[in-house]
>>> print(open('entry17.txt').read())   # compact mmCIF, N, CA and C atoms
# COMPACT_ATOMS: atom_id res chain seq x y z
N GLY A 1482 5.53 -43.56 -10.64
CA GLY A 1482 6.84 -44.01 -11.08
C GLY A 1482 7.63 -42.90 -11.76
N THR A 1483 8.74 -43.26 -12.30
CA THR A 1483 9.65 -42.34 -12.97
C THR A 1483 9.83 -42.84 -14.39
N SER A 1484 9.86 -41.92 -15.34
CA SER A 1484 10.01 -42.37 -16.73
C SER A 1484 11.48 -42.40 -17.13
N ARG A 1485 11.75 -43.28 -18.07
CA ARG A 1485 13.11 -43.43 -18.60
C ARG A 1485 13.61 -42.09 -19.18
N GLN A 1486 12.72 -41.38 -19.89
CA GLN A 1486 13.11 -40.10 -20.50
C GLN A 1486 13.47 -39.08 -19.43
N GLU A 1487 12.70 -39.07 -18.35
CA GLU A 1487 12.96 -38.14 -17.26
C GLU A 1487 14.34 -38.40 -16.65
N VAL A 1488 14.65 -39.67 -16.45
CA VAL A 1488 15.95 -40.05 -15.88
C VAL A 1488 17.08 -39.67 -16.83
N ARG A 1489 16.90 -39.92 -18.14
CA ARG A 1489 17.93 -39.54 -19.12
C ARG A 1489 18.15 -38.02 -19.09
N ARG A 1490 17.06 -37.26 -18.99
CA ARG A 1490 17.17 -35.79 -18.93
C ARG A 1490 17.98 -35.35 -17.72
N ILE A 1491 17.77 -36.00 -16.59
CA ILE A 1491 18.51 -35.66 -15.37
C ILE A 1491 20.00 -35.94 -15.56
N VAL A 1492 20.32 -37.09 -16.14
CA VAL A 1492 21.73 -37.46 -16.37
C VAL A 1492 22.39 -36.45 -17.32
N LEU A 1493 21.70 -36.11 -18.40
CA LEU A 1493 22.25 -35.15 -19.37
C LEU A 1493 22.40 -33.76 -18.74
N ALA A 1494 21.41 -33.36 -17.96
CA ALA A 1494 21.47 -32.06 -17.28
C ALA A 1494 22.66 -32.02 -16.32
N ALA A 1495 22.89 -33.10 -15.63
CA ALA A 1495 24.02 -33.18 -14.68
C ALA A 1495 25.34 -33.06 -15.42
N ARG A 1496 25.45 -33.74 -16.57
CA ARG A 1496 26.68 -33.65 -17.37
C ARG A 1496 26.94 -32.21 -17.81
N ARG A 1497 25.88 -31.57 -18.33
CA ARG A 1497 26.03 -30.17 -18.79
C ARG A 1497 26.37 -29.25 -17.62
N TYR A 1498 25.69 -29.44 -16.50
CA TYR A 1498 25.92 -28.63 -15.30
C TYR A 1498 27.38 -28.74 -14.86
N ASP A 1499 27.90 -29.98 -14.85
CA ASP A 1499 29.28 -30.21 -14.43
C ASP A 1499 30.27 -29.57 -15.40
N LEU A 1500 30.00 -29.72 -16.69
CA LEU A 1500 30.86 -29.16 -17.72
C LEU A 1500 30.90 -27.64 -17.64
N HIS A 1501 29.73 -27.00 -17.53
CA HIS A 1501 29.67 -25.55 -17.49
C HIS A 1501 30.14 -24.96 -16.17
N GLY A 1502 30.11 -25.78 -15.13
CA GLY A 1502 30.55 -25.31 -13.81
C GLY A 1502 32.03 -25.49 -13.56
N ARG A 1503 32.70 -26.11 -14.52
CA ARG A 1503 34.13 -26.40 -14.35
C ARG A 1503 34.96 -25.13 -14.52
N GLN A 1504 35.89 -24.93 -13.62
CA GLN A 1504 36.77 -23.76 -13.71
C GLN A 1504 37.99 -24.10 -14.56
N ASP A 1505 38.55 -23.09 -15.20
CA ASP A 1505 39.72 -23.30 -16.07
C ASP A 1505 40.81 -24.07 -15.35
N GLY A 1506 41.36 -25.05 -16.05
CA GLY A 1506 42.47 -25.82 -15.52
C GLY A 1506 42.05 -26.93 -14.56
N ARG A 1507 40.78 -27.01 -14.22
CA ARG A 1507 40.30 -28.05 -13.30
C ARG A 1507 39.79 -29.24 -14.11
N ARG A 1508 40.03 -30.43 -13.58
CA ARG A 1508 39.58 -31.63 -14.28
C ARG A 1508 38.08 -31.88 -14.07
N ASN A 1509 37.59 -31.53 -12.87
CA ASN A 1509 36.20 -31.78 -12.54
C ASN A 1509 35.42 -30.50 -12.35
N GLY A 1510 34.12 -30.61 -12.60
CA GLY A 1510 33.21 -29.52 -12.30
C GLY A 1510 32.69 -29.69 -10.88
N PRO A 1511 31.60 -29.00 -10.54
CA PRO A 1511 31.06 -29.05 -9.19
C PRO A 1511 30.57 -30.44 -8.75
N LEU A 1512 30.23 -31.30 -9.70
CA LEU A 1512 29.78 -32.64 -9.35
C LEU A 1512 30.93 -33.64 -9.33
N GLY A 1513 31.75 -33.62 -10.36
CA GLY A 1513 32.88 -34.55 -10.47
C GLY A 1513 32.50 -35.81 -11.22
N HIS A 1514 33.52 -36.49 -11.74
CA HIS A 1514 33.26 -37.65 -12.59
C HIS A 1514 32.65 -38.83 -11.83
N VAL A 1515 32.99 -38.99 -10.55
CA VAL A 1515 32.40 -40.10 -9.78
C VAL A 1515 30.89 -39.89 -9.64
N ALA A 1516 30.48 -38.66 -9.40
CA ALA A 1516 29.05 -38.35 -9.27
C ALA A 1516 28.32 -38.66 -10.58
N LEU A 1517 28.93 -38.33 -11.70
CA LEU A 1517 28.30 -38.61 -13.00
C LEU A 1517 28.21 -40.12 -13.24
N GLU A 1518 29.25 -40.86 -12.82
CA GLU A 1518 29.22 -42.33 -12.93
C GLU A 1518 28.08 -42.89 -12.08
N ILE A 1519 27.92 -42.34 -10.88
CA ILE A 1519 26.86 -42.80 -9.98
C ILE A 1519 25.49 -42.53 -10.59
N LEU A 1520 25.29 -41.33 -11.14
CA LEU A 1520 23.99 -41.02 -11.77
C LEU A 1520 23.68 -41.99 -12.90
N GLU A 1521 24.68 -42.30 -13.72
CA GLU A 1521 24.50 -43.26 -14.82
C GLU A 1521 24.07 -44.62 -14.26
N LEU A 1522 24.76 -45.06 -13.22
CA LEU A 1522 24.45 -46.35 -12.61
C LEU A 1522 23.04 -46.33 -12.02
N LEU A 1523 22.71 -45.27 -11.29
CA LEU A 1523 21.38 -45.16 -10.69
C LEU A 1523 20.28 -45.16 -11.76
N ALA A 1524 20.57 -44.54 -12.89
CA ALA A 1524 19.61 -44.50 -14.00
C ALA A 1524 19.29 -45.92 -14.48
N ASN A 1525 20.27 -46.81 -14.37
CA ASN A 1525 20.07 -48.19 -14.79
C ASN A 1525 19.47 -49.07 -13.69
N LEU A 1526 19.49 -48.59 -12.45
CA LEU A 1526 18.99 -49.38 -11.33
C LEU A 1526 17.56 -49.04 -10.92
N VAL A 1527 17.11 -47.83 -11.27
CA VAL A 1527 15.80 -47.38 -10.80
C VAL A 1527 14.68 -48.28 -11.32
N SER A 1528 13.72 -48.57 -10.46
CA SER A 1528 12.53 -49.31 -10.88
C SER A 1528 11.56 -48.30 -11.46
N TYR A 1529 11.29 -48.40 -12.76
CA TYR A 1529 10.41 -47.42 -13.41
C TYR A 1529 8.95 -47.60 -12.99
N LYS A 1530 8.61 -48.79 -12.47
CA LYS A 1530 7.24 -49.01 -11.98
C LYS A 1530 7.01 -48.28 -10.67
N THR A 1531 7.92 -48.47 -9.72
CA THR A 1531 7.71 -47.95 -8.36
C THR A 1531 8.48 -46.66 -8.08
N GLY A 1532 9.53 -46.39 -8.89
CA GLY A 1532 10.38 -45.24 -8.62
C GLY A 1532 11.37 -45.52 -7.51
N ARG A 1533 11.37 -46.76 -7.00
CA ARG A 1533 12.26 -47.11 -5.89
C ARG A 1533 13.71 -47.20 -6.34
N LEU A 1534 14.57 -46.69 -5.47
CA LEU A 1534 16.00 -46.72 -5.75
C LEU A 1534 16.72 -46.60 -4.42
N ASP A 1535 17.26 -47.70 -3.93
CA ASP A 1535 17.94 -47.62 -2.64
C ASP A 1535 19.14 -48.55 -2.53
N PRO A 1536 20.10 -48.41 -3.47
CA PRO A 1536 21.30 -49.24 -3.38
C PRO A 1536 22.15 -48.77 -2.19
N SER A 1537 22.89 -49.70 -1.60
CA SER A 1537 23.75 -49.34 -0.47
C SER A 1537 25.04 -48.68 -0.97
N LEU A 1538 25.68 -48.00 -0.05
CA LEU A 1538 26.98 -47.38 -0.33
C LEU A 1538 27.97 -48.46 -0.76
N ASP A 1539 27.96 -49.60 -0.07
CA ASP A 1539 28.85 -50.72 -0.41
C ASP A 1539 28.61 -51.21 -1.83
N TYR A 1540 27.34 -51.33 -2.20
CA TYR A 1540 26.98 -51.80 -3.54
C TYR A 1540 27.52 -50.83 -4.59
N LEU A 1541 27.26 -49.53 -4.40
CA LEU A 1541 27.71 -48.53 -5.38
C LEU A 1541 29.23 -48.53 -5.50
N ALA A 1542 29.91 -48.59 -4.36
CA ALA A 1542 31.38 -48.57 -4.35
C ALA A 1542 31.93 -49.79 -5.09
N ALA A 1543 31.36 -50.96 -4.82
CA ALA A 1543 31.82 -52.20 -5.46
C ALA A 1543 31.54 -52.17 -6.97
N LYS A 1544 30.33 -51.74 -7.32
CA LYS A 1544 29.91 -51.73 -8.72
C LYS A 1544 30.77 -50.77 -9.55
N LEU A 1545 31.15 -49.64 -8.97
CA LEU A 1545 31.93 -48.63 -9.69
C LEU A 1545 33.43 -48.74 -9.44
N ASN A 1546 33.80 -49.69 -8.57
CA ASN A 1546 35.20 -49.87 -8.22
C ASN A 1546 35.80 -48.56 -7.67
N ARG A 1547 35.07 -47.95 -6.76
CA ARG A 1547 35.47 -46.70 -6.10
C ARG A 1547 35.45 -46.92 -4.61
N SER A 1548 36.15 -46.06 -3.88
CA SER A 1548 36.12 -46.15 -2.41
C SER A 1548 34.76 -45.67 -1.91
N LYS A 1549 34.36 -46.17 -0.74
CA LYS A 1549 33.10 -45.72 -0.15
C LYS A 1549 33.14 -44.22 0.09
N ASP A 1550 34.31 -43.71 0.46
CA ASP A 1550 34.49 -42.28 0.71
C ASP A 1550 34.23 -41.47 -0.57
N ALA A 1551 34.78 -41.93 -1.68
CA ALA A 1551 34.57 -41.24 -2.97
C ALA A 1551 33.09 -41.25 -3.35
N VAL A 1552 32.43 -42.38 -3.12
CA VAL A 1552 31.00 -42.50 -3.43
C VAL A 1552 30.19 -41.58 -2.52
N TRP A 1553 30.53 -41.56 -1.23
CA TRP A 1553 29.83 -40.71 -0.28
C TRP A 1553 29.95 -39.23 -0.67
N ARG A 1554 31.17 -38.80 -1.01
CA ARG A 1554 31.39 -37.40 -1.43
C ARG A 1554 30.60 -37.08 -2.69
N ALA A 1555 30.58 -38.02 -3.63
CA ALA A 1555 29.85 -37.81 -4.89
C ALA A 1555 28.35 -37.71 -4.64
N LEU A 1556 27.82 -38.56 -3.77
CA LEU A 1556 26.39 -38.51 -3.44
C LEU A 1556 26.05 -37.19 -2.76
N ARG A 1557 26.95 -36.73 -1.89
CA ARG A 1557 26.74 -35.45 -1.21
C ARG A 1557 26.70 -34.31 -2.24
N ALA A 1558 27.61 -34.33 -3.20
CA ALA A 1558 27.63 -33.31 -4.26
C ALA A 1558 26.34 -33.34 -5.09
N LEU A 1559 25.87 -34.54 -5.40
CA LEU A 1559 24.63 -34.68 -6.19
C LEU A 1559 23.45 -34.10 -5.41
N ARG A 1560 23.41 -34.34 -4.10
CA ARG A 1560 22.31 -33.79 -3.28
C ARG A 1560 22.44 -32.28 -3.18
N LEU A 1561 23.65 -31.81 -2.90
CA LEU A 1561 23.91 -30.39 -2.73
C LEU A 1561 23.50 -29.58 -3.96
N HIS A 1562 23.75 -30.15 -5.13
CA HIS A 1562 23.46 -29.43 -6.38
C HIS A 1562 22.09 -29.78 -6.97
N GLY A 1563 21.29 -30.52 -6.19
CA GLY A 1563 19.90 -30.76 -6.57
C GLY A 1563 19.63 -31.89 -7.54
N PHE A 1564 20.58 -32.80 -7.73
CA PHE A 1564 20.37 -33.90 -8.65
C PHE A 1564 19.87 -35.17 -7.98
N LEU A 1565 19.92 -35.22 -6.66
CA LEU A 1565 19.36 -36.33 -5.88
C LEU A 1565 18.66 -35.75 -4.67
N ASP A 1566 17.64 -36.44 -4.18
CA ASP A 1566 17.07 -36.01 -2.91
C ASP A 1566 16.93 -37.20 -1.97
>>> encode(input="entry17.txt", output="structure tokens")
Amino acid sequence: GTSRQEVRRIVLAARRYDLHGRQDGRRNGPLGHVALEILELLANLVSYKTGRLDPSLDYLAAKLNRSKDAVWRALRALRLHGFLD
């Protein structure tokens, strides 16, 4: 399984990574705020017993009130930068 502390560390690391990767005058870093929202949500959805986590794109979009396209781009950024596999 996955521990709660491990998940919190990943979320905090992602926040720091995004903040430090942000270029002057830009609102978002390499991950973006939607990706950080998704990580927070995933942290609350993960089963700590099994480590299972497989919400649908539709579920994430509805839960965060974002377009499926925005969620897809955010998930791609999280994978690209090593925060999801």
>>> select_by_dssp(input="entry17.txt", residues="chain A", states="helix (DSSP H, G or I)", output="PyMOL selection string")
chain A and resi 1485-1501+1514-1526+1538-1545+1549-1561
>>> residues_around(input="entry17.txt", residues="His1501 of chain A", least_positions_apart="5", cutoff="8 Å", atoms="all atoms listed in the file", output="MDAnalysis selection string")
chainID A and resid 1495:1496 1510:1511
>>> residues_around(input="entry17.txt", residues="Leu1545 of chain A", least_positions_apart="2", cutoff="8 Å", atoms="only C-alpha atoms", output="PyMOL selection string")
chain A and resi 1518-1519+1541-1543+1547
>>> residues_around(input="entry17.txt", residues="Arg1560 of chain A", least_positions_apart="3", cutoff="12 Å", atoms="only C-alpha atoms", output="PyMOL selection string")
chain A and resi 1495+1511-1512+1516+1520+1553-1557+1563-1566
>>> atom_distance(input="entry17.txt", atom1="atom C of Ala1558 of chain A", atom2="atom CA of Ser1528 of chain A")
21.9 Å
>>> atom_distance(input="entry17.txt", atom1="atom N of Lys1549 of chain A", atom2="atom CA of Glu1487 of chain A")
28.2 Å
>>> closest_residue(input="entry17.txt", among="A:Leu1561, A:Val1492, A:Ala1551, A:Asn1546", to="Glu1521 of chain A", atoms="all atoms listed in the file")
A:Val1492
>>> closest_residue(input="entry17.txt", among="A:Tyr1529, A:Ser1537, A:Lys1544, A:Gly1506", to="Ser1484 of chain A", atoms="all atoms listed in the file")
A:Tyr1529
